[in-house]
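Okay, so here's the structure we're looking at.
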Number of protein chains: 2
Amino acid sequence: MTINLKTKSATADEIALQLTEAIHTHRLQPGAKLREDEVCDIFQVSRTIVRQSLHSLQHKGLVTILRNKGAFVAKPTLKEAREVFEARSLIEPAMAHAAALRATPKDVAFLEDHMQAEKDALAREEVGEALRLSGDFHVQIARIADHSLIETLLAQLVARSALIIALYWRRRNALSDSSSHMGLVNAFRNKDADGAEEIMKGHLLDLLMQLDLRDSPSGPVSLKDALRK
Amino acid sequence: MTINLKTKSATADEIALQLTEAIHTHRLQPGAKLREDEVCDIFQVSRTIVRQSLHSLQHKGLVTILRNKGAFVAKPTLKEAREVFEARSLIEPAMAHAAALRATPKDVAFLEDHMQAEKDALAREEVGEALRLSGDFHVQIARIADHSLIETLLAQLVARSALIIALYWRRRNALSDSSSHMGLVNAFRNKDADGAEEIMKGHLLDLLMQLDLRDSPSGPVSLKDALRK
DNA sequence: TAGGCGCTGATTGTATACGATTTGGCGCAC
DNA sequence: GTGCGCCAAATCGTATACAATCAGCGCCTA
């Protein structure tokens, strides 16, 4: 009599999510190859499912699929990188404005917890996880603004931003400057919509400023290792 | 000796494009079911390819796939509809600004031809085609602004706007008011970036204003007919 | 007759087999 | 020794077979 240990095989969405997290935390670097069979082995599913995941990630701009060549973690060009941050600069200040008007005390508390979690991750030297949380902070603002479409869109842009940071940022520790996020939370608490909008505008400008040519010496990373959290 | 008439079977992208056009021109109405086998028959490809197309359209927000139920042309809620136009309002004025600064005489001529084509389509009473061209006008502005990311994004939002128009607009003839588009082209010609931005802002506000509750008496349409241009 | 049950055809979901393309290496000629 | 070309292995692309699920309908029962 054996306990049935057969783990429910992962769905395409679950695989895409795990790959996204691995990209977001820099466990998977831009340009890394994603061989279908390898992903199959890791998640114990057929290639059909894996291909669904990879195509899904391609649509989100995180993966580039070259016909008959395979899937690779996307490597945004400098122009694409600028476009991502320009798009965010168009969208996010308005979200900050709307979020400030809608934020409940519960929302403010949630964001404070969120910032604390990021700080904790940094204290544990989990830089990748801190980076992921820092990006998610922006997505949460769109959620508080109650704008699902932009929340989804922003999640994609933020994920791509992680790729860009991996490729083009020199001083990554600048990320640990959490004053902008703190300022946003304060503005939310005071329902200072205009203030929140301005802070967000400046914050994104800061991020854009740090875009910086840098050759990417990213060594190849084992796919299996990258997924092993 | 027979001439090889074997038509190169369509690719997933081609099928997605044709479906998109059918949606854009209202030959396919919101809620219409897209049975896989039926699409297979029409394009003479295997379900593998058709499923790729449908998933691709799902990612673009044009199709909703219900597990074990099938794929349907998306039916945006009123909230989603508002969000689409709100997002466009955040993005497009900036594109108009940038396009005004970059537009060459060739670009201006292109847009004039584009508007003429729309007018011709209306004259031929091809309302759907005129609608598609009218939407594409906005995408072309992003192209002129040389912003690929937003060009892609906008193409999706414009396509979804066609769904919204099919569902929620009362006075569709209001679309034939081409004064805004004309004003934009003039502003481009004069490199009046601020003017272009203002016109675009007002134009999108106009569009948003026409969002209007209306029950959708859309009758079911044969998929094959909808694709027969 | 209304309601529930189960069967059956239709439709979608997944795995797998097979074909096409690429890549890397080996050998041969120069 | 170098370069070219060919072959084999690896990998991806597509079609198809099979499994799971759903919707409609008739039948049975209270």
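Residue numbers start at 1 in each chain; chains themselves are named A, B, ... in the order of the structure tokens; ligands are numbered from 1 in the order shown.
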Shell around DC7 in chain D at 12 Å using only C-alpha atoms (C1' of nucleotides), local window under 6 positions removed, as a list in words
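The residues satisfying every condition are DT23, DG24, DG25, DC26 and DG27 of chain C.
Within 8 Å of chain B, and using only C-alpha atoms (C1' of nucleotides), the residues found on chain D are DT14, DA15, DT21 and DC22 of chain D.
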Residue selection dump (C-alpha atoms (C1' of nucleotides)) as a short mmCIF file (atom, residue, chain, number, x, y, z; two decimals), in the first residue's frame:
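Writing the result to again_15.cif gives the following:
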data_model
loop_
_atom_site.label_atom_id
_atom_site.label_comp_id
_atom_site.auth_asym_id
_atom_site.auth_seq_id
_atom_site.Cartn_x
_atom_site.Cartn_y
_atom_site.Cartn_z
"C1'" DT D 14 3.70 19.90 -36.98
"C1'" DA D 15 0.31 16.41 -37.29
"C1'" DT D 21 -14.56 16.99 -20.39
"C1'" DC D 22 -18.88 19.05 -21.58
#
Would you please extract all strand (DSSP E) residues from range 52-186 of chain B, as assigned by DSSP on the backbone, and give them as a short mmCIF file (atom, residue, chain, number, x, y, z; two decimals) with C-alpha atoms, in the first residue's frame?
data_model
loop_
_atom_site.label_atom_id
_atom_site.label_comp_id
_atom_site.auth_asym_id
_atom_site.auth_seq_id
_atom_site.Cartn_x
_atom_site.Cartn_y
_atom_site.Cartn_z
CA VAL B 63 -10.08 36.25 -27.47
CA THR B 64 -11.19 34.62 -24.26
CA ILE B 65 -10.43 30.94 -23.82
CA LEU B 66 -12.54 29.03 -21.31
CA GLY B 70 -13.45 26.83 -26.20
CA ALA B 71 -12.36 30.19 -27.59
CA PHE B 72 -14.66 33.17 -27.98
CA VAL B 73 -14.17 36.66 -29.31
#
For range 16-25 of chain A: contacts at 7 Å, only C-alpha atoms (C1' of nucleotides), fewer than 4 positions along chain excluded, given as a ChimeraX atom specification:
/A:12,29,53,57,128-129,131-132,159,162,226-227
The selected residues should be written to file as a compact mmCIF listing (two decimals), in the first residue's frame (atoms: C-alpha atoms).
# COMPACT_ATOMS: atom_id res chain seq x y z
CA ALA A 12 1.62 25.96 -18.47
CA GLN A 29 20.09 35.92 -17.14
CA SER A 53 4.65 28.49 -21.49
CA LEU A 57 6.47 34.40 -22.14
CA GLY A 128 17.32 39.12 -6.47
CA GLU A 129 14.32 38.74 -4.22
CA LEU A 131 14.69 43.41 -6.69
CA ARG A 132 11.56 41.42 -7.42
CA ALA A 159 9.49 42.07 -15.48
CA ALA A 162 14.45 43.31 -14.42
CA ALA A 226 18.48 28.77 -11.75
CA LEU A 227 15.09 27.25 -11.03
Tell me which protein, DNA and RNA residues are within 8 Å of His59 in chain B, counting only C-alpha atoms (C1' of nucleotides), leaving out same-chain ones fewer than 4 positions away, and put them as a list of chain:residue names.
A:Ser56, A:His59, B:His55, B:Val63
Would you write out, as a Markdown table, a table of all residues in chain C that have an atom no more than 9 Å from an atom of chain B, listing for each the closest atom pair and the distance in Å to one decimal, considering only C-alpha atoms (C1' of nucleotides) and ordering rows by chain and rising residue number?
| residue | atom | partner | partner_atom | distance |
| --- | --- | --- | --- | --- |
| C:DT11 | C1' | B:Lys69 | CA | 7.8 |
| C:DT12 | C1' | B:Asn68 | CA | 5.1 |
| C:DG13 | C1' | B:Asn68 | CA | 7.4 |
Would you kindly return, as number ranges by chain, each protein, DNA or RNA residue with an atom no farther than 8 Å from any atom of Gln210 in chain B, considering only C-alpha atoms (C1' of nucleotides) and excluding same-chain residues fewer than 3 positions away?
B: 169-171, 206-207
